[in-house]
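Take a look at the structure below.
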Amino acid sequence: LILRLLVFGALGFMAEGRGPRIAASRRILSGLRGLGVGGVDGMSHTKALKRCCRTYCSPSLFILDRDGVINVDRGTWVLRVEDFEMIPGAAEAIGRITTSKKGARIAIATNQSCVGRGMITQDDLRDIHQHMLGQIERAGGRIDSIHVAPDTPDQASERRKPAPGMLTEALDRHGVDRHSAVMIGDTMGDMLAATRAGIPNRLLVCTGHGHQRGLEAHGKGLKLPLRIDSASGQKL
């Protein structure tokens, strides 16, 4: 099953500079697909570009989850540089988003309870992130800030998702209004954190836990504005 478009809200479309915005939309749409957004379901390419333009050209800040969005989430912690495996195409996707709009910022907000559990140190985590940044930079991308919640679930602070602390921290650090940000994640915790931070633009990707969480939401009758397609294209 493939989780298709997954827009939770939209920013207003500005007619000025429409040509450059459409060109930027092509790059951003390409980048989002690389990060696991399967495309815009049931739309022509032109309509998809227009929606992408309305929703993703205006944001000044992209906030990405890490595990399941940037690197492969195997259900265990990344404790060594050797354990970090980039999702194929993710670094290149971030590169395309980086170049799509000059001045836009890209942040990562990630729960890493392995630090709070004493499994790795902050220095170990920095080494892992330096390795990740190197791969992204070689693909032409850039990460402007990394926000980490090392808390364990039973001692969670307001920074650990689904609490909004890391996201509001990123907004404050980059001086961006919440309406000018997009949260991209693979869990309902990511989406809830964005909701609590007041970020109206949220994407649930189909990598990591994304497709399963979408199916579960549908099964529970949750009225989320997303579409889930089977391999045959049948709407579920």
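Residues are named by chain letter and number: chains run A, B, ... in the order of the structure tokens, numbers start at 1 in each chain, and ligands are numbered from 1 in the order shown.
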
Original post:
Which neighbours of segment 82-86 of chain A fall inside 6 Å, counting only C-alpha atoms, when residues of the same chain fewer than 3 positions from it are skipped, and could you give them as a list in words?
Top reply: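 With the cut-off at 6 Å, the set is Asn71, Val72 and Val78 of chain A.
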
Please save N, CA, C and O atoms of the selected residues as an mmCIF file, in the first residue's frame.
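That gives us again_38.cif:
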data_model
loop_
_atom_site.group_PDB
_atom_site.id
_atom_site.type_symbol
_atom_site.label_atom_id
_atom_site.label_comp_id
_atom_site.auth_asym_id
_atom_site.auth_seq_id
_atom_site.Cartn_x
_atom_site.Cartn_y
_atom_site.Cartn_z
ATOM 1 N N ASN A 71 16.685 8.671 7.674
ATOM 2 C CA ASN A 71 17.392 7.383 7.722
ATOM 3 C C ASN A 71 16.418 6.243 7.955
ATOM 4 O O ASN A 71 15.298 6.443 8.436
ATOM 5 N N VAL A 72 16.853 5.052 7.594
ATOM 6 C CA VAL A 72 16.033 3.853 7.738
ATOM 7 C C VAL A 72 15.762 3.606 9.219
ATOM 8 O O VAL A 72 16.682 3.626 10.047
ATOM 9 N N VAL A 78 19.799 3.879 16.653
ATOM 10 C CA VAL A 78 21.055 4.083 15.933
ATOM 11 C C VAL A 78 22.092 4.454 16.987
ATOM 12 O O VAL A 78 22.079 5.559 17.533
#

Subject >> Shell of 6 Å around Ala139 of chain A, only C-alpha atoms, local chain residues under 4 positions omitted, as an NGL selection string >> reply: :A and (91-92 or 95)

Please, could you write that set of residues out with N, CA, C and O atoms as a tab-separated table (two decimals), in the first residue's frame?
chain	number	residue	atom	x	y	z
A	91	ALA	N	18.87	12.12	0.95
A	91	ALA	CA	19.84	13.21	0.94
A	91	ALA	C	19.66	14.08	-0.30
A	91	ALA	O	19.69	15.33	-0.22
A	92	GLU	N	19.43	13.45	-1.44
A	92	GLU	CA	19.21	14.19	-2.68
A	92	GLU	C	17.91	15.00	-2.60
A	92	GLU	O	17.83	16.12	-3.12
A	95	GLY	N	18.54	18.01	-0.73
A	95	GLY	CA	19.28	18.92	-1.61
A	95	GLY	C	18.36	19.69	-2.52
A	95	GLY	O	18.53	20.89	-2.73

**OP:** Name the residues in contact with Asp154 of chain A at a cut-off of 12 Å, using only C-alpha atoms, excluding same-chain residues fewer than 6 positions from it; report them as a ChimeraX atom specification.
**Re:** /A:113,116-117,160

Subject >> All residues 8 Å or closer to Val148 of chain A, only C-alpha atoms, same chain fewer than 3 positions away omitted, as a list in words >> reply: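 So, after excluding close chain neighbours, the residues are Ala109, Thr110, Asn111, Gln112 and Met166 of chain A.
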
Original post:
atom CA of Ser180 of chain A to atom CA of Ile70 of chain A: how many Å, to one decimal?
Top reply: 21.8 Å

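Between atom CA of Leu61 of chain A and atom CA of Met183 of chain A there is a distance of 8.6 Å.
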
**OP:** May I ask which of the residues A:Asp67, A:Asp144, A:Asp190, A:Asp151 is the closest one to Ile106 of chain A, counting only C-alpha atoms?
**Re:** A:Asp144

Write out as a PDB file with N, CA, C and O atoms, in the first residue's frame each polymer residue whose atoms come within 12 Å of Val115 of chain A, counting only C-alpha atoms; drop sequence neighbours fewer than 3 positions from it.
ATOM      1  N   TRP A  77      17.557   1.431  18.016  1.00  0.00           N
ATOM      2  CA  TRP A  77      18.243   2.716  18.046  1.00  0.00           C
ATOM      3  C   TRP A  77      19.475   2.710  17.136  1.00  0.00           C
ATOM      4  O   TRP A  77      20.110   1.682  16.911  1.00  0.00           O
ATOM      5  N   VAL A  78      19.799   3.879  16.653  1.00  0.00           N
ATOM      6  CA  VAL A  78      21.055   4.083  15.933  1.00  0.00           C
ATOM      7  C   VAL A  78      22.092   4.454  16.987  1.00  0.00           C
ATOM      8  O   VAL A  78      22.079   5.559  17.533  1.00  0.00           O
ATOM      9  N   LEU A  79      22.978   3.526  17.293  1.00  0.00           N
ATOM     10  CA  LEU A  79      23.934   3.711  18.390  1.00  0.00           C
ATOM     11  C   LEU A  79      25.355   3.973  17.903  1.00  0.00           C
ATOM     12  O   LEU A  79      26.203   4.390  18.687  1.00  0.00           O
ATOM     13  N   THR A 110      14.107  15.457  16.540  1.00  0.00           N
ATOM     14  CA  THR A 110      14.149  14.007  16.710  1.00  0.00           C
ATOM     15  C   THR A 110      14.184  13.593  18.172  1.00  0.00           C
ATOM     16  O   THR A 110      14.938  14.148  18.978  1.00  0.00           O
ATOM     17  N   ASN A 111      13.342  12.628  18.528  1.00  0.00           N
ATOM     18  CA  ASN A 111      13.409  11.999  19.844  1.00  0.00           C
ATOM     19  C   ASN A 111      14.545  10.981  19.838  1.00  0.00           C
ATOM     20  O   ASN A 111      14.599  10.127  18.950  1.00  0.00           O
ATOM     21  N   GLN A 112      15.426  11.054  20.819  1.00  0.00           N
ATOM     22  CA  GLN A 112      16.534  10.093  20.919  1.00  0.00           C
ATOM     23  C   GLN A 112      16.686   9.659  22.367  1.00  0.00           C
ATOM     24  O   GLN A 112      17.606  10.082  23.077  1.00  0.00           O
ATOM     25  N   GLY A 118      21.135   6.098  28.580  1.00  0.00           N
ATOM     26  CA  GLY A 118      22.548   5.823  28.818  1.00  0.00           C
ATOM     27  C   GLY A 118      23.169   4.877  27.816  1.00  0.00           C
ATOM     28  O   GLY A 118      24.270   4.358  28.037  1.00  0.00           O
ATOM     29  N   MET A 119      22.498   4.672  26.673  1.00  0.00           N
ATOM     30  CA  MET A 119      23.010   3.738  25.673  1.00  0.00           C
ATOM     31  C   MET A 119      24.110   4.367  24.827  1.00  0.00           C
ATOM     32  O   MET A 119      25.002   3.674  24.327  1.00  0.00           O
ATOM     33  N   ILE A 120      24.009   5.676  24.608  1.00  0.00           N
ATOM     34  CA  ILE A 120      25.063   6.435  23.935  1.00  0.00           C
ATOM     35  C   ILE A 120      25.187   7.789  24.640  1.00  0.00           C
ATOM     36  O   ILE A 120      24.295   8.205  25.385  1.00  0.00           O
ATOM     37  N   THR A 121      26.272   8.479  24.373  1.00  0.00           N
ATOM     38  CA  THR A 121      26.489   9.810  24.936  1.00  0.00           C
ATOM     39  C   THR A 121      26.088  10.879  23.928  1.00  0.00           C
ATOM     40  O   THR A 121      25.854  10.589  22.741  1.00  0.00           O
ATOM     41  N   GLN A 122      26.048  12.112  24.397  1.00  0.00           N
ATOM     42  CA  GLN A 122      25.779  13.229  23.481  1.00  0.00           C
ATOM     43  C   GLN A 122      26.866  13.323  22.418  1.00  0.00           C
ATOM     44  O   GLN A 122      26.589  13.660  21.265  1.00  0.00           O
ATOM     45  N   ASP A 123      28.111  13.014  22.785  1.00  0.00           N
ATOM     46  CA  ASP A 123      29.207  13.041  21.811  1.00  0.00           C
ATOM     47  C   ASP A 123      29.000  11.962  20.741  1.00  0.00           C
ATOM     48  O   ASP A 123      29.261  12.203  19.555  1.00  0.00           O
ATOM     49  N   ASP A 124      28.537  10.781  21.151  1.00  0.00           N
ATOM     50  CA  ASP A 124      28.250   9.729  20.178  1.00  0.00           C
ATOM     51  C   ASP A 124      27.183  10.187  19.194  1.00  0.00           C
ATOM     52  O   ASP A 124      27.294   9.947  17.979  1.00  0.00           O
ATOM     53  N   LEU A 125      26.139  10.830  19.733  1.00  0.00           N
ATOM     54  CA  LEU A 125      25.058  11.306  18.873  1.00  0.00           C
ATOM     55  C   LEU A 125      25.552  12.381  17.914  1.00  0.00           C
ATOM     56  O   LEU A 125      25.163  12.401  16.739  1.00  0.00           O
ATOM     57  N   ARG A 126      26.429  13.255  18.398  1.00  0.00           N
ATOM     58  CA  ARG A 126      26.991  14.282  17.510  1.00  0.00           C
ATOM     59  C   ARG A 126      27.772  13.647  16.370  1.00  0.00           C
ATOM     60  O   ARG A 126      27.707  14.108  15.220  1.00  0.00           O
ATOM     61  N   VAL A 148      17.203  17.898  19.482  1.00  0.00           N
ATOM     62  CA  VAL A 148      17.149  16.539  20.006  1.00  0.00           C
ATOM     63  C   VAL A 148      16.475  16.541  21.374  1.00  0.00           C
ATOM     64  O   VAL A 148      16.810  17.354  22.242  1.00  0.00           O
ATOM     65  N   ALA A 149      15.537  15.616  21.567  1.00  0.00           N
ATOM     66  CA  ALA A 149      14.952  15.363  22.886  1.00  0.00           C
ATOM     67  C   ALA A 149      15.523  14.043  23.385  1.00  0.00           C
ATOM     68  O   ALA A 149      15.168  12.980  22.879  1.00  0.00           O
ATOM     69  N   PRO A 150      16.437  14.068  24.368  1.00  0.00           N
ATOM     70  CA  PRO A 150      17.056  12.835  24.847  1.00  0.00           C
ATOM     71  C   PRO A 150      16.225  12.123  25.911  1.00  0.00           C
ATOM     72  O   PRO A 150      16.617  11.050  26.369  1.00  0.00           O
ATOM     73  N   ASP A 151      15.070  12.695  26.273  1.00  0.00           N
ATOM     74  CA  ASP A 151      14.261  12.171  27.365  1.00  0.00           C
ATOM     75  C   ASP A 151      13.754  10.758  27.085  1.00  0.00           C
ATOM     76  O   ASP A 151      13.464  10.406  25.944  1.00  0.00           O
ATOM     77  N   THR A 152      13.587   9.989  28.142  1.00  0.00           N
ATOM     78  CA  THR A 152      12.910   8.707  28.031  1.00  0.00           C
ATOM     79  C   THR A 152      11.401   8.951  28.107  1.00  0.00           C
ATOM     80  O   THR A 152      10.962   9.963  28.664  1.00  0.00           O
ATOM     81  N   PRO A 153      10.596   8.052  27.560  1.00  0.00           N
ATOM     82  CA  PRO A 153       9.145   8.281  27.557  1.00  0.00           C
ATOM     83  C   PRO A 153       8.543   8.482  28.942  1.00  0.00           C
ATOM     84  O   PRO A 153       7.594   9.253  29.117  1.00  0.00           O
TER      85      PRO A 153
END

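DSSP secondary structure from the backbone places Ala149, Ala181, Val182, Met183, Ile184 and Gly185 of chain A of segment 149-192 of chain A in strand (DSSP E).
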
Would you export the selected residues with N, CA, C and O atoms as a short mmCIF file (atom, residue, chain, number, x, y, z; two decimals), in the first residue's frame, please?
data_model
loop_
_atom_site.label_atom_id
_atom_site.label_comp_id
_atom_site.auth_asym_id
_atom_site.auth_seq_id
_atom_site.Cartn_x
_atom_site.Cartn_y
_atom_site.Cartn_z
N ALA A 149 15.54 15.62 21.57
CA ALA A 149 14.95 15.36 22.89
C ALA A 149 15.52 14.04 23.38
O ALA A 149 15.17 12.98 22.88
N ALA A 181 5.75 27.45 8.37
CA ALA A 181 6.54 26.24 8.58
C ALA A 181 5.77 25.02 8.10
O ALA A 181 4.54 25.03 8.03
N VAL A 182 6.51 23.97 7.76
CA VAL A 182 5.95 22.68 7.38
C VAL A 182 6.63 21.61 8.22
O VAL A 182 7.86 21.61 8.35
N MET A 183 5.84 20.70 8.80
CA MET A 183 6.38 19.56 9.53
C MET A 183 6.25 18.32 8.67
O MET A 183 5.17 18.03 8.15
N ILE A 184 7.34 17.57 8.50
CA ILE A 184 7.35 16.34 7.71
C ILE A 184 7.79 15.20 8.63
O ILE A 184 8.90 15.22 9.16
N GLY A 185 6.89 14.23 8.83
CA GLY A 185 7.21 13.13 9.72
C GLY A 185 6.57 11.84 9.27
O GLY A 185 5.83 11.81 8.28
#

Subject >> atom CA of Glu169 of chain A to atom CA of Gly140 of chain A, distance in Å rounded to a single decimal >> reply: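 Spanning atom CA of Glu169 of chain A to atom CA of Gly140 of chain A is a straight-line distance of 25.5 Å.
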
Original post:
Nearest to Ala107 of chain A: which of A:Leu167, A:Met191, A:Ala93, A:Val81 is it, counting only C-alpha atoms?
Top reply: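 Among the listed residues, the smallest separation from Ala107 of chain A belongs to A:Leu167.
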
**OP:** as a VMD selection string, list the residues of segment 42-221 of chain A assigned to alpha helix (DSSP H) by DSSP on the backbone atoms of this structure.
**Re:** chain A and resid 45 to 56 90 to 100 113 to 116 122 to 138 165 to 174 188 to 196 210 to 219

**OP:** Just the residues within 9 Å of Val176 of chain A, please, counting only C-alpha atoms, with nothing from its chain fewer than 6 positions along; format it as a list in words.
**Re:**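 The residues that qualify are Pro59, Ser60, Leu61 and Ala170 of chain A.
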
Keeping only N, CA, C and O atoms, write those residues as an mmCIF file, in the first residue's frame.
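Below is the file result_38.cif, written as the result:
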data_model
loop_
_atom_site.group_PDB
_atom_site.id
_atom_site.type_symbol
_atom_site.label_atom_id
_atom_site.label_comp_id
_atom_site.auth_asym_id
_atom_site.auth_seq_id
_atom_site.Cartn_x
_atom_site.Cartn_y
_atom_site.Cartn_z
ATOM 1 N N PRO A 59 6.503 28.453 2.641
ATOM 2 C CA PRO A 59 7.146 28.196 3.923
ATOM 3 C C PRO A 59 8.596 28.641 3.985
ATOM 4 O O PRO A 59 9.351 28.506 3.022
ATOM 5 N N SER A 60 8.951 29.166 5.144
ATOM 6 C CA SER A 60 10.323 29.593 5.388
ATOM 7 C C SER A 60 11.097 28.565 6.193
ATOM 8 O O SER A 60 12.303 28.691 6.356
ATOM 9 N N LEU A 61 10.392 27.557 6.730
ATOM 10 C CA LEU A 61 11.049 26.552 7.550
ATOM 11 C C LEU A 61 10.439 25.174 7.305
ATOM 12 O O LEU A 61 9.219 25.006 7.408
ATOM 13 N N ALA A 170 12.556 25.356 17.255
ATOM 14 C CA ALA A 170 13.024 25.598 15.881
ATOM 15 C C ALA A 170 12.412 26.869 15.316
ATOM 16 O O ALA A 170 13.099 27.663 14.654
#
